Each structure stands twice: as C-alpha cells, then as structure tokens.
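*Asks:* Sharing entry-v4.txt here; it has compact mmCIF, N, CA and C atoms and all ligand atoms.
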# COMPACT_ATOMS: atom_id res chain seq x y z
N MET A 1203 -67.27 -43.89 135.44
CA MET A 1203 -67.67 -45.26 135.09
C MET A 1203 -68.65 -45.78 136.16
N LYS A 1204 -69.79 -46.30 135.68
CA LYS A 1204 -70.78 -46.84 136.61
C LYS A 1204 -70.73 -48.37 136.58
N ILE A 1205 -70.80 -48.96 137.75
CA ILE A 1205 -70.67 -50.42 137.88
C ILE A 1205 -71.99 -51.00 138.35
N VAL A 1206 -72.49 -52.00 137.62
CA VAL A 1206 -73.71 -52.69 138.07
C VAL A 1206 -73.31 -53.95 138.84
N LEU A 1207 -74.00 -54.16 139.95
CA LEU A 1207 -73.79 -55.35 140.78
C LEU A 1207 -75.03 -56.22 140.72
N ALA A 1208 -74.83 -57.53 140.66
CA ALA A 1208 -75.96 -58.45 140.71
C ALA A 1208 -75.51 -59.75 141.37
N ALA A 1209 -76.46 -60.43 141.98
CA ALA A 1209 -76.16 -61.71 142.62
C ALA A 1209 -77.42 -62.54 142.72
N ASP A 1210 -77.24 -63.85 142.87
CA ASP A 1210 -78.36 -64.68 143.30
C ASP A 1210 -78.17 -64.93 144.81
N HIS A 1211 -78.99 -65.81 145.37
CA HIS A 1211 -78.91 -66.06 146.81
C HIS A 1211 -77.53 -66.58 147.23
N GLY A 1212 -76.88 -67.34 146.34
CA GLY A 1212 -75.56 -67.88 146.66
C GLY A 1212 -74.50 -66.80 146.73
N GLY A 1213 -74.74 -65.70 146.05
CA GLY A 1213 -73.75 -64.62 146.00
C GLY A 1213 -74.16 -63.38 146.75
N PHE A 1214 -75.35 -63.41 147.36
CA PHE A 1214 -75.89 -62.20 147.98
C PHE A 1214 -74.94 -61.57 149.00
N GLU A 1215 -74.45 -62.39 149.93
CA GLU A 1215 -73.64 -61.80 151.00
C GLU A 1215 -72.33 -61.22 150.48
N LEU A 1216 -71.70 -61.92 149.55
CA LEU A 1216 -70.46 -61.38 148.98
C LEU A 1216 -70.74 -60.10 148.19
N LYS A 1217 -71.85 -60.08 147.47
CA LYS A 1217 -72.22 -58.84 146.74
C LYS A 1217 -72.34 -57.67 147.71
N GLU A 1218 -72.93 -57.91 148.85
CA GLU A 1218 -73.10 -56.82 149.82
C GLU A 1218 -71.74 -56.31 150.31
N VAL A 1219 -70.81 -57.21 150.54
CA VAL A 1219 -69.47 -56.81 150.98
C VAL A 1219 -68.77 -56.02 149.87
N ILE A 1220 -68.90 -56.51 148.65
CA ILE A 1220 -68.30 -55.82 147.50
C ILE A 1220 -68.90 -54.42 147.36
N LYS A 1221 -70.21 -54.33 147.49
CA LYS A 1221 -70.88 -53.03 147.36
C LYS A 1221 -70.37 -52.05 148.42
N LYS A 1222 -70.27 -52.52 149.65
CA LYS A 1222 -69.78 -51.66 150.74
C LYS A 1222 -68.38 -51.13 150.41
N ASN A 1223 -67.52 -52.02 149.94
CA ASN A 1223 -66.15 -51.61 149.61
C ASN A 1223 -66.12 -50.62 148.46
N LEU A 1224 -66.93 -50.87 147.44
CA LEU A 1224 -66.94 -49.97 146.27
C LEU A 1224 -67.49 -48.60 146.66
N LEU A 1225 -68.52 -48.58 147.47
CA LEU A 1225 -69.10 -47.29 147.88
C LEU A 1225 -68.11 -46.51 148.76
N GLN A 1226 -67.40 -47.24 149.61
CA GLN A 1226 -66.37 -46.58 150.45
C GLN A 1226 -65.29 -45.94 149.58
N ALA A 1227 -65.00 -46.60 148.45
CA ALA A 1227 -63.97 -46.08 147.54
C ALA A 1227 -64.56 -45.08 146.54
N GLU A 1228 -65.84 -44.75 146.74
CA GLU A 1228 -66.55 -43.74 145.95
C GLU A 1228 -66.75 -44.10 144.48
N TRP A 1229 -66.89 -45.42 144.23
CA TRP A 1229 -67.31 -45.84 142.89
C TRP A 1229 -68.80 -45.58 142.74
N ASP A 1230 -69.21 -45.33 141.51
CA ASP A 1230 -70.62 -45.15 141.19
C ASP A 1230 -71.21 -46.55 140.96
N VAL A 1231 -72.13 -46.96 141.83
CA VAL A 1231 -72.60 -48.35 141.84
C VAL A 1231 -74.12 -48.41 141.70
N VAL A 1232 -74.59 -49.38 140.88
CA VAL A 1232 -76.01 -49.69 140.80
C VAL A 1232 -76.18 -51.15 141.21
N ASP A 1233 -77.08 -51.42 142.14
CA ASP A 1233 -77.31 -52.78 142.61
C ASP A 1233 -78.68 -53.23 142.12
N VAL A 1234 -78.71 -54.25 141.25
CA VAL A 1234 -80.00 -54.73 140.71
C VAL A 1234 -80.51 -55.96 141.48
N GLY A 1235 -79.91 -56.27 142.61
CA GLY A 1235 -80.36 -57.39 143.43
C GLY A 1235 -79.49 -58.62 143.22
N CYS A 1236 -79.85 -59.69 143.94
CA CYS A 1236 -81.00 -59.85 144.80
C CYS A 1236 -80.79 -59.11 146.14
N THR A 1237 -81.82 -59.18 146.97
CA THR A 1237 -81.78 -58.37 148.19
C THR A 1237 -81.83 -59.19 149.47
N SER A 1238 -81.71 -60.52 149.35
CA SER A 1238 -81.71 -61.37 150.55
C SER A 1238 -81.14 -62.74 150.20
N ASN A 1239 -81.10 -63.63 151.20
CA ASN A 1239 -80.61 -65.00 150.97
C ASN A 1239 -81.70 -65.90 150.39
N ASP A 1240 -82.89 -65.38 150.17
CA ASP A 1240 -83.98 -66.20 149.61
C ASP A 1240 -83.64 -66.67 148.20
N SER A 1241 -84.02 -67.89 147.90
CA SER A 1241 -83.66 -68.49 146.62
C SER A 1241 -84.26 -67.74 145.43
N VAL A 1242 -83.39 -67.43 144.47
CA VAL A 1242 -83.80 -66.77 143.22
C VAL A 1242 -83.07 -67.46 142.08
N ASP A 1243 -83.38 -67.06 140.85
CA ASP A 1243 -82.75 -67.67 139.67
C ASP A 1243 -81.70 -66.73 139.09
N TYR A 1244 -80.44 -67.18 139.07
CA TYR A 1244 -79.34 -66.29 138.64
C TYR A 1244 -79.52 -65.72 137.23
N PRO A 1245 -80.16 -66.43 136.26
CA PRO A 1245 -80.28 -65.80 134.92
C PRO A 1245 -81.08 -64.50 134.96
N ASP A 1246 -82.05 -64.42 135.86
CA ASP A 1246 -82.86 -63.19 135.95
C ASP A 1246 -82.00 -61.99 136.35
N PHE A 1247 -81.07 -62.23 137.25
CA PHE A 1247 -80.24 -61.12 137.74
C PHE A 1247 -79.09 -60.82 136.79
N ALA A 1248 -78.60 -61.86 136.12
CA ALA A 1248 -77.59 -61.61 135.07
C ALA A 1248 -78.20 -60.74 133.98
N GLU A 1249 -79.43 -61.05 133.61
CA GLU A 1249 -80.10 -60.32 132.54
C GLU A 1249 -80.35 -58.86 132.93
N MET A 1250 -80.73 -58.61 134.17
CA MET A 1250 -80.95 -57.22 134.61
C MET A 1250 -79.64 -56.44 134.57
N ALA A 1251 -78.57 -57.08 134.99
CA ALA A 1251 -77.27 -56.39 134.97
C ALA A 1251 -76.85 -56.10 133.54
N VAL A 1252 -76.98 -57.10 132.68
CA VAL A 1252 -76.60 -56.92 131.27
C VAL A 1252 -77.43 -55.80 130.64
N SER A 1253 -78.71 -55.78 130.93
CA SER A 1253 -79.59 -54.75 130.35
C SER A 1253 -79.08 -53.35 130.70
N SER A 1254 -78.64 -53.18 131.92
CA SER A 1254 -78.16 -51.85 132.33
C SER A 1254 -76.87 -51.48 131.61
N MET A 1255 -76.15 -52.48 131.12
CA MET A 1255 -74.95 -52.19 130.33
C MET A 1255 -75.29 -51.96 128.87
N LEU A 1256 -76.24 -52.71 128.35
CA LEU A 1256 -76.60 -52.56 126.93
C LEU A 1256 -77.25 -51.20 126.66
N THR A 1257 -77.93 -50.65 127.66
CA THR A 1257 -78.52 -49.31 127.50
C THR A 1257 -77.47 -48.21 127.61
N GLY A 1258 -76.28 -48.56 128.10
CA GLY A 1258 -75.22 -47.58 128.28
C GLY A 1258 -75.21 -46.94 129.65
N ASP A 1259 -76.16 -47.33 130.50
CA ASP A 1259 -76.20 -46.75 131.85
C ASP A 1259 -74.97 -47.17 132.66
N CYS A 1260 -74.62 -48.44 132.56
CA CYS A 1260 -73.44 -48.95 133.28
C CYS A 1260 -72.40 -49.44 132.29
N GLN A 1261 -71.14 -49.30 132.66
CA GLN A 1261 -70.04 -49.69 131.76
C GLN A 1261 -69.38 -51.00 132.19
N ARG A 1262 -69.50 -51.34 133.45
CA ARG A 1262 -68.91 -52.59 133.96
C ARG A 1262 -69.92 -53.28 134.87
N GLY A 1263 -69.73 -54.60 135.03
CA GLY A 1263 -70.60 -55.36 135.91
C GLY A 1263 -69.81 -56.33 136.76
N ILE A 1264 -70.32 -56.57 137.95
CA ILE A 1264 -69.76 -57.61 138.83
C ILE A 1264 -70.93 -58.50 139.25
N LEU A 1265 -70.86 -59.77 138.85
CA LEU A 1265 -71.96 -60.70 139.08
C LEU A 1265 -71.48 -61.83 139.99
N VAL A 1266 -72.26 -62.12 141.00
CA VAL A 1266 -71.85 -63.11 142.00
C VAL A 1266 -72.92 -64.18 142.15
N CYS A 1267 -72.52 -65.44 142.01
CA CYS A 1267 -73.42 -66.54 142.35
C CYS A 1267 -72.58 -67.54 143.16
N GLY A 1268 -73.04 -68.76 143.29
CA GLY A 1268 -72.29 -69.71 144.11
C GLY A 1268 -70.92 -69.99 143.56
N THR A 1269 -70.86 -70.21 142.26
CA THR A 1269 -69.59 -70.56 141.61
C THR A 1269 -69.10 -69.52 140.62
N GLY A 1270 -69.95 -68.60 140.23
CA GLY A 1270 -69.63 -67.66 139.14
C GLY A 1270 -69.95 -68.24 137.77
N ILE A 1271 -70.20 -69.54 137.73
CA ILE A 1271 -70.37 -70.22 136.44
C ILE A 1271 -71.70 -69.84 135.78
N GLY A 1272 -72.78 -69.98 136.53
CA GLY A 1272 -74.10 -69.68 135.96
C GLY A 1272 -74.20 -68.24 135.49
N MET A 1273 -73.72 -67.33 136.31
CA MET A 1273 -73.75 -65.91 135.94
C MET A 1273 -72.95 -65.66 134.66
N SER A 1274 -71.79 -66.28 134.54
CA SER A 1274 -70.95 -66.02 133.36
C SER A 1274 -71.58 -66.61 132.10
N ILE A 1275 -72.15 -67.79 132.22
CA ILE A 1275 -72.80 -68.40 131.04
C ILE A 1275 -73.97 -67.53 130.59
N ALA A 1276 -74.79 -67.11 131.56
CA ALA A 1276 -75.97 -66.30 131.21
C ALA A 1276 -75.57 -64.96 130.60
N ALA A 1277 -74.62 -64.27 131.21
CA ALA A 1277 -74.23 -62.94 130.72
C ALA A 1277 -73.59 -63.02 129.34
N ASN A 1278 -72.83 -64.07 129.09
CA ASN A 1278 -72.10 -64.18 127.82
C ASN A 1278 -72.99 -64.52 126.62
N ARG A 1279 -74.28 -64.64 126.83
CA ARG A 1279 -75.17 -64.86 125.69
C ARG A 1279 -75.35 -63.59 124.85
N HIS A 1280 -74.77 -62.51 125.32
CA HIS A 1280 -74.86 -61.23 124.59
C HIS A 1280 -73.49 -60.91 123.99
N ARG A 1281 -73.49 -60.57 122.69
CA ARG A 1281 -72.23 -60.34 121.98
C ARG A 1281 -71.42 -59.17 122.57
N GLN A 1282 -72.11 -58.21 123.12
CA GLN A 1282 -71.40 -57.03 123.66
C GLN A 1282 -70.80 -57.31 125.04
N ILE A 1283 -71.15 -58.45 125.60
CA ILE A 1283 -70.70 -58.78 126.96
C ILE A 1283 -69.52 -59.75 126.92
N ARG A 1284 -68.52 -59.41 127.71
CA ARG A 1284 -67.37 -60.30 127.88
C ARG A 1284 -67.22 -60.54 129.38
N ALA A 1285 -67.91 -61.60 129.83
CA ALA A 1285 -67.96 -61.90 131.26
C ALA A 1285 -66.91 -62.96 131.59
N ALA A 1286 -66.04 -62.65 132.52
CA ALA A 1286 -64.97 -63.57 132.90
C ALA A 1286 -65.20 -64.09 134.32
N ASN A 1287 -65.27 -65.41 134.42
CA ASN A 1287 -65.39 -66.04 135.73
C ASN A 1287 -63.98 -66.27 136.26
N CYS A 1288 -63.56 -65.45 137.18
CA CYS A 1288 -62.17 -65.47 137.64
C CYS A 1288 -62.06 -66.06 139.04
N PHE A 1289 -60.86 -66.56 139.35
CA PHE A 1289 -60.70 -67.24 140.64
C PHE A 1289 -59.49 -66.80 141.42
N ASP A 1290 -58.71 -65.85 140.87
CA ASP A 1290 -57.59 -65.30 141.64
C ASP A 1290 -57.18 -63.97 141.03
N ILE A 1291 -56.18 -63.35 141.62
CA ILE A 1291 -55.74 -62.02 141.17
C ILE A 1291 -55.25 -62.08 139.72
N ASP A 1292 -54.49 -63.11 139.39
CA ASP A 1292 -53.92 -63.20 138.04
C ASP A 1292 -55.01 -63.30 136.97
N THR A 1293 -56.00 -64.16 137.21
CA THR A 1293 -57.05 -64.29 136.19
C THR A 1293 -57.89 -63.02 136.09
N ALA A 1294 -58.11 -62.36 137.23
CA ALA A 1294 -58.87 -61.10 137.19
C ALA A 1294 -58.11 -60.06 136.37
N LYS A 1295 -56.81 -59.96 136.59
CA LYS A 1295 -55.98 -58.97 135.87
C LYS A 1295 -55.92 -59.31 134.37
N LEU A 1296 -55.68 -60.57 134.08
CA LEU A 1296 -55.55 -60.97 132.67
C LEU A 1296 -56.88 -60.86 131.92
N SER A 1297 -57.98 -61.02 132.62
CA SER A 1297 -59.29 -60.88 131.95
C SER A 1297 -59.50 -59.46 131.46
N ARG A 1298 -58.86 -58.51 132.11
CA ARG A 1298 -58.90 -57.11 131.63
C ARG A 1298 -57.85 -56.91 130.53
N GLU A 1299 -56.62 -57.30 130.81
CA GLU A 1299 -55.51 -57.02 129.88
C GLU A 1299 -55.72 -57.71 128.54
N HIS A 1300 -56.11 -58.97 128.55
CA HIS A 1300 -56.18 -59.74 127.31
C HIS A 1300 -57.58 -59.83 126.71
N ASN A 1301 -58.59 -59.85 127.56
CA ASN A 1301 -59.96 -60.13 127.07
C ASN A 1301 -60.88 -58.91 127.13
N ASN A 1302 -60.40 -57.83 127.69
CA ASN A 1302 -61.24 -56.63 127.86
C ASN A 1302 -62.57 -56.99 128.51
N ALA A 1303 -62.51 -57.83 129.52
CA ALA A 1303 -63.74 -58.27 130.20
C ALA A 1303 -64.48 -57.06 130.75
N ASN A 1304 -65.76 -56.99 130.44
CA ASN A 1304 -66.56 -55.89 131.00
C ASN A 1304 -67.45 -56.37 132.15
N ILE A 1305 -67.45 -57.68 132.39
CA ILE A 1305 -68.11 -58.23 133.59
C ILE A 1305 -67.15 -59.17 134.30
N LEU A 1306 -67.06 -59.01 135.60
CA LEU A 1306 -66.31 -59.94 136.45
C LEU A 1306 -67.32 -60.82 137.18
N CYS A 1307 -67.17 -62.13 137.02
CA CYS A 1307 -68.04 -63.07 137.74
C CYS A 1307 -67.24 -63.71 138.87
N LEU A 1308 -67.88 -63.85 140.00
CA LEU A 1308 -67.22 -64.40 141.18
C LEU A 1308 -68.08 -65.48 141.81
N GLY A 1309 -67.43 -66.51 142.33
CA GLY A 1309 -68.13 -67.59 143.01
C GLY A 1309 -67.99 -67.44 144.51
N ALA A 1310 -69.08 -67.09 145.16
CA ALA A 1310 -69.02 -66.83 146.60
C ALA A 1310 -68.73 -68.10 147.40
N ARG A 1311 -69.08 -69.26 146.82
CA ARG A 1311 -68.88 -70.51 147.56
C ARG A 1311 -67.48 -71.08 147.36
N VAL A 1312 -66.71 -70.47 146.48
CA VAL A 1312 -65.38 -71.02 146.20
C VAL A 1312 -64.26 -70.00 146.42
N LEU A 1313 -64.62 -68.78 146.81
CA LEU A 1313 -63.61 -67.74 147.02
C LEU A 1313 -63.63 -67.25 148.47
N GLU A 1314 -62.45 -66.95 148.99
CA GLU A 1314 -62.37 -66.24 150.28
C GLU A 1314 -62.77 -64.79 150.03
N THR A 1315 -63.48 -64.22 150.98
CA THR A 1315 -63.98 -62.84 150.80
C THR A 1315 -62.84 -61.85 150.55
N ASP A 1316 -61.78 -61.93 151.32
CA ASP A 1316 -60.66 -60.99 151.14
C ASP A 1316 -60.06 -61.09 149.75
N ASN A 1317 -59.95 -62.32 149.27
CA ASN A 1317 -59.41 -62.53 147.93
C ASN A 1317 -60.34 -61.94 146.88
N ALA A 1318 -61.63 -62.13 147.06
CA ALA A 1318 -62.61 -61.59 146.11
C ALA A 1318 -62.53 -60.07 146.05
N ILE A 1319 -62.38 -59.44 147.19
CA ILE A 1319 -62.28 -57.97 147.23
C ILE A 1319 -61.01 -57.51 146.51
N ARG A 1320 -59.92 -58.20 146.74
CA ARG A 1320 -58.67 -57.84 146.04
C ARG A 1320 -58.84 -58.02 144.54
N MET A 1321 -59.51 -59.09 144.14
CA MET A 1321 -59.75 -59.33 142.71
C MET A 1321 -60.56 -58.20 142.10
N VAL A 1322 -61.59 -57.77 142.80
CA VAL A 1322 -62.44 -56.67 142.29
C VAL A 1322 -61.59 -55.41 142.09
N ASN A 1323 -60.76 -55.10 143.08
CA ASN A 1323 -59.95 -53.88 142.99
C ASN A 1323 -58.96 -53.93 141.83
N VAL A 1324 -58.30 -55.06 141.68
CA VAL A 1324 -57.34 -55.22 140.58
C VAL A 1324 -58.08 -55.14 139.24
N TRP A 1325 -59.21 -55.81 139.17
CA TRP A 1325 -59.98 -55.86 137.92
C TRP A 1325 -60.42 -54.45 137.50
N LEU A 1326 -60.83 -53.65 138.47
CA LEU A 1326 -61.29 -52.28 138.14
C LEU A 1326 -60.13 -51.36 137.77
N GLU A 1327 -58.94 -51.66 138.27
CA GLU A 1327 -57.79 -50.77 138.03
C GLU A 1327 -57.03 -51.13 136.76
N THR A 1328 -57.28 -52.32 136.20
CA THR A 1328 -56.46 -52.80 135.09
C THR A 1328 -57.05 -52.41 133.74
N GLU A 1329 -56.20 -51.87 132.87
CA GLU A 1329 -56.62 -51.46 131.52
C GLU A 1329 -56.46 -52.61 130.53
N PHE A 1330 -57.24 -52.56 129.47
CA PHE A 1330 -57.10 -53.48 128.35
C PHE A 1330 -55.81 -53.15 127.60
N THR A 1331 -55.04 -54.17 127.25
CA THR A 1331 -53.78 -53.96 126.55
C THR A 1331 -53.98 -53.55 125.10
N GLY A 1332 -55.07 -54.05 124.47
CA GLY A 1332 -55.32 -53.72 123.06
C GLY A 1332 -54.36 -54.47 122.14
N GLY A 1333 -54.04 -53.87 120.97
CA GLY A 1333 -53.11 -54.49 120.03
C GLY A 1333 -53.63 -55.83 119.54
N ARG A 1334 -52.77 -56.86 119.63
CA ARG A 1334 -53.16 -58.19 119.13
C ARG A 1334 -54.39 -58.72 119.89
N HIS A 1335 -54.54 -58.29 121.14
CA HIS A 1335 -55.69 -58.74 121.91
C HIS A 1335 -56.98 -58.13 121.39
N GLN A 1336 -56.91 -56.91 120.89
CA GLN A 1336 -58.09 -56.28 120.30
C GLN A 1336 -58.51 -57.05 119.04
N THR A 1337 -57.56 -57.47 118.24
CA THR A 1337 -57.86 -58.25 117.04
C THR A 1337 -58.62 -59.52 117.41
N ARG A 1338 -58.19 -60.15 118.47
CA ARG A 1338 -58.82 -61.42 118.90
C ARG A 1338 -60.21 -61.16 119.49
N VAL A 1339 -60.30 -60.17 120.34
CA VAL A 1339 -61.60 -59.87 120.96
C VAL A 1339 -62.63 -59.48 119.90
N ALA A 1340 -62.18 -58.76 118.88
CA ALA A 1340 -63.11 -58.30 117.82
C ALA A 1340 -63.69 -59.47 117.03
N LYS A 1341 -63.08 -60.65 117.12
CA LYS A 1341 -63.59 -61.82 116.41
C LYS A 1341 -64.82 -62.42 117.07
N PHE A 1342 -65.07 -62.05 118.32
CA PHE A 1342 -66.26 -62.61 118.97
C PHE A 1342 -67.13 -61.58 119.68
N SER A 1343 -66.69 -60.33 119.71
CA SER A 1343 -67.42 -59.35 120.50
C SER A 1343 -67.37 -57.98 119.85
N GLU A 1344 -68.31 -57.14 120.26
CA GLU A 1344 -68.35 -55.77 119.71
C GLU A 1344 -67.80 -54.80 120.73
C1 LIG A 1401 -77.49 -71.76 143.27
O1 LIG A 1401 -77.70 -72.83 144.13
C2 LIG A 1401 -76.26 -72.03 142.41
O2 LIG A 1401 -76.55 -72.98 141.47
C3 LIG A 1401 -75.82 -70.74 141.76
O3 LIG A 1401 -75.50 -69.81 142.74
C4 LIG A 1401 -74.62 -70.82 140.86
O4 LIG A 1401 -73.54 -71.41 141.52
C5 LIG A 1401 -74.84 -71.35 139.54
O5 LIG A 1401 -73.94 -71.41 138.69
Could I get this file's structure written as structure tokens?
*Replies:*
Amino acid sequence: MKIVLAADHGGFELKEVIKKNLLQAEWDVVDVGCTSNDSVDYPDFAEMAVSSMLTGDCQRGILVCGTGIGMSIAANRHRQIRAANCFDIDTAKLSREHNNANILCLGARVLETDNAIRMVNVWLETEFTGGRHQTRVAKFSE
C-alpha cells in the first residue's frame, strides 16, 4: 500500500514528522508537498494528493493543514475519496472501521504532534468493518 502525503504551510512541519515516522516504519510514501513554511493554497495540494489516488498510484492519503478542515473539504469533492478530519485516536479508528476513510486529515494547529503520530499509526492499522457500514458508504462513495 502506497501512502500519499500533502500539506499546506500550516501543516508542513507536521507532515515532515509524519513522513519521517512512516519511512522509519518502512511504509511506501509519496510526498506531493508543500516543501517549506511559505504560504501556499491547500486546495492545490489536496488535489495533487487526490490525483495520485485516482490514478491508482496511491491507496491512502494523509493531508495536513492548520485545522484539517480545508484539506478535508477539498478532498471530499471527489466521490471516490472519503477524507476524515479526525482529532483523536477514537475518531481516527472509527473513520476506518465505519467510514472506510481513505484519507486522514489532520490539523497541525490543533493537535499535539505525539497524538497526531499515534492517530496516523492507528488509522493505518485499522481495517474497515464492512457489513452494514459498507451499505452506508456505498450510498455516497465508490
Ligand atoms: C492556512 O492559513 C489555513 O487556513 C489552512 O491551513 C487550513 O487550516 C484551512 O482549513
């Protein structure tokens, strides 16, 4: 499974920490930017990450901005994308179990770094439950 990472300036530093942790754990990672704290527009980076998933190159995404809100709104404009803006371990886990989230959005300005890393790990390890949840997900996503 290949994971695409993206961030705007508000999420750049947390993205870098997440990338370091994922690479240490030997995940296959693609980073589409941004590459510094310079101001950029989060929809541009959400779109690059989504594109890499729609082509089939990447299967999961982790998008970081100041709050996670902008990234999640932008990514969710695509029917194949189920981007969950999560704020703790429980929501990260449930976004996989119940919603089959294929993108995790994180807010660098509202999360502690250690907590964000734990959320990423739980989110990557948790399987979709399927069953009644698949019926519900199929009503809005492919
Ligand atoms: C950028 O200042 C900020 O608006 C962005 O990172 C994000 O929080 C938007 O939802």
*Asks:* For ligand LIG 1401 (chain A), collect every residue having any atom at a distance of at most 7 Å from a ligand atom (counting all atoms listed in the file); output as a list in words.
*Replies:*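 So, counting all atoms listed in the file, the residues near ligand LIG 1401 (chain A) are Asp1210, His1211, Gly1212, Gly1213, Tyr1244, Val1266, Cys1267, Gly1268, Thr1269, Gly1270, Ile1271, Gly1272, Met1273, Ser1274 and Gly1309 of chain A.
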*Asks:* In Å, how far is it from CA of Ala1294 (chain A) to CA of Asp1259 (chain A)?
*Replies:*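 Pair CA of Ala1294 (chain A) / CA of Asp1259 (chain A) returns 23.1 Å.
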*Asks:* Go ahead and compute the interatomic distance for atom C of Asp1243 (chain A) and CA of Ala1227 (chain A), in Å to one decimal.
*Replies:*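 Atom C of Asp1243 (chain A) sits 28.5 Å away from CA of Ala1227 (chain A).
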*Asks:* Write out as a Markdown table the residues of region 1210-1308 of chain A that have any atom within 12 Å of an atom of region 1338-1341 of chain A, one row each with the nearest atom pair and its distance in Å to one decimal, counting only C-alpha atoms, sorted by chain and then rising number.
*Replies:*
| residue | atom | partner | partner_atom | distance |
| --- | --- | --- | --- | --- |
| A:Arg1281 | CA | A:Ala1340 | CA | 10.2 |
| A:Gln1282 | CA | A:Ala1340 | CA | 10.2 |
| A:Ile1283 | CA | A:Val1339 | CA | 11.0 |
| A:Arg1284 | CA | A:Val1339 | CA | 9.0 |
| A:Ser1297 | CA | A:Val1339 | CA | 11.3 |
| A:Arg1298 | CA | A:Val1339 | CA | 11.3 |
| A:Glu1299 | CA | A:Val1339 | CA | 11.2 |
| A:His1300 | CA | A:Val1339 | CA | 8.3 |
| A:Asn1301 | CA | A:Val1339 | CA | 6.3 |
| A:Asn1302 | CA | A:Val1339 | CA | 7.6 |
| A:Ala1303 | CA | A:Val1339 | CA | 9.6 |
| A:Asn1304 | CA | A:Val1339 | CA | 11.9 |
*Asks:* Quick one: pick out all strand (DSSP E or B) residues within region 1221-1337 of chain A from a backbone DSSP run and write them as a list in words.
*Replies:*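 Of region 1221-1337 of chain A, the ones in strand (DSSP E or B) are Asp1230, Val1231, Val1232, Asp1233, Arg1262, Gly1263, Ile1264, Leu1265, Val1266, Cys1267, Ala1285, Ala1286, Asn1287, Ile1305, Leu1306, Cys1307, Leu1308 and Gly1309 of chain A.
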*Asks:* Could you check how far atom C of Arg1320 (chain A) sits from CA of Ile1291 (chain A), in Å to one decimal?
*Replies:* 6.1 Å
*Asks:* Just want the 7 Å neighbourhood of Cys1236 (chain A), counted on all atoms listed in the file, with same-chain residues fewer than 6 positions away dropped. Output as a list in words.
*Replies:*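 Contacts, with the query itself left out: Leu1207, Ala1208, Ala1209, Asp1210, His1211, Phe1214 and Phe1247 of chain A.
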*Asks:* Which residue, A:Leu1256, A:Asn1223, A:Leu1296, A:Gln1261, has the smallest gap to Ile1319 (chain A) when you use all atoms listed in the file?
*Replies:*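 Among the listed residues, A:Asn1223 lies closest to Ile1319 (chain A).
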*Asks:* Name all residues at most 12 Å from Val1206 (chain A) (count only C-alpha atoms; drop same-chain ones fewer than 5 positions away) and give them as a PyMOL selection string.
*Replies:* chain A and resi 1217+1220-1221+1224+1229-1235+1247-1256+1258-1266+1304-1307
*Asks:* Please provide as a ChimeraX atom specification all residues within 9 Å of Thr1293 (chain A), with the sequence filter that same-chain residues fewer than 6 positions apart are discarded (counting only C-alpha atoms).
*Replies:* /A:1286-1287,1321
*Asks:* Assuming the input is short of atoms at region 1223-1234 of chain A, produce N, CA, C and O atoms for that part as a short mmCIF file (atom, residue, chain, number, x, y, z; two decimals), keeping the file's coordinate frame.
*Replies:*
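Ended up saving to selection21.cif:
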data_model
loop_
_atom_site.label_atom_id
_atom_site.label_comp_id
_atom_site.auth_asym_id
_atom_site.auth_seq_id
_atom_site.Cartn_x
_atom_site.Cartn_y
_atom_site.Cartn_z
N ASN A 1223 -67.52 -52.02 149.94
CA ASN A 1223 -66.15 -51.61 149.61
C ASN A 1223 -66.12 -50.62 148.46
O ASN A 1223 -65.37 -49.64 148.49
N LEU A 1224 -66.93 -50.87 147.44
CA LEU A 1224 -66.94 -49.97 146.27
C LEU A 1224 -67.49 -48.60 146.66
O LEU A 1224 -66.96 -47.57 146.21
N LEU A 1225 -68.52 -48.58 147.47
CA LEU A 1225 -69.10 -47.29 147.88
C LEU A 1225 -68.11 -46.51 148.76
O LEU A 1225 -67.98 -45.30 148.62
N GLN A 1226 -67.40 -47.24 149.61
CA GLN A 1226 -66.37 -46.58 150.45
C GLN A 1226 -65.29 -45.94 149.58
O GLN A 1226 -64.75 -44.90 149.90
N ALA A 1227 -65.00 -46.60 148.45
CA ALA A 1227 -63.97 -46.08 147.54
C ALA A 1227 -64.56 -45.08 146.54
O ALA A 1227 -63.87 -44.66 145.61
N GLU A 1228 -65.84 -44.75 146.74
CA GLU A 1228 -66.55 -43.74 145.95
C GLU A 1228 -66.75 -44.10 144.48
O GLU A 1228 -66.78 -43.24 143.62
N TRP A 1229 -66.89 -45.42 144.23
CA TRP A 1229 -67.31 -45.84 142.89
C TRP A 1229 -68.80 -45.58 142.74
O TRP A 1229 -69.55 -45.62 143.72
N ASP A 1230 -69.21 -45.33 141.51
CA ASP A 1230 -70.62 -45.15 141.19
C ASP A 1230 -71.21 -46.55 140.96
O ASP A 1230 -70.79 -47.25 140.03
N VAL A 1231 -72.13 -46.96 141.83
CA VAL A 1231 -72.60 -48.35 141.84
C VAL A 1231 -74.12 -48.41 141.70
O VAL A 1231 -74.84 -47.62 142.30
N VAL A 1232 -74.59 -49.38 140.88
CA VAL A 1232 -76.01 -49.69 140.80
C VAL A 1232 -76.18 -51.15 141.21
O VAL A 1232 -75.48 -52.02 140.69
N ASP A 1233 -77.08 -51.42 142.14
CA ASP A 1233 -77.31 -52.78 142.61
C ASP A 1233 -78.68 -53.23 142.12
O ASP A 1233 -79.71 -52.67 142.52
N VAL A 1234 -78.71 -54.25 141.25
CA VAL A 1234 -80.00 -54.73 140.71
C VAL A 1234 -80.51 -55.96 141.48
O VAL A 1234 -81.46 -56.61 141.04
#
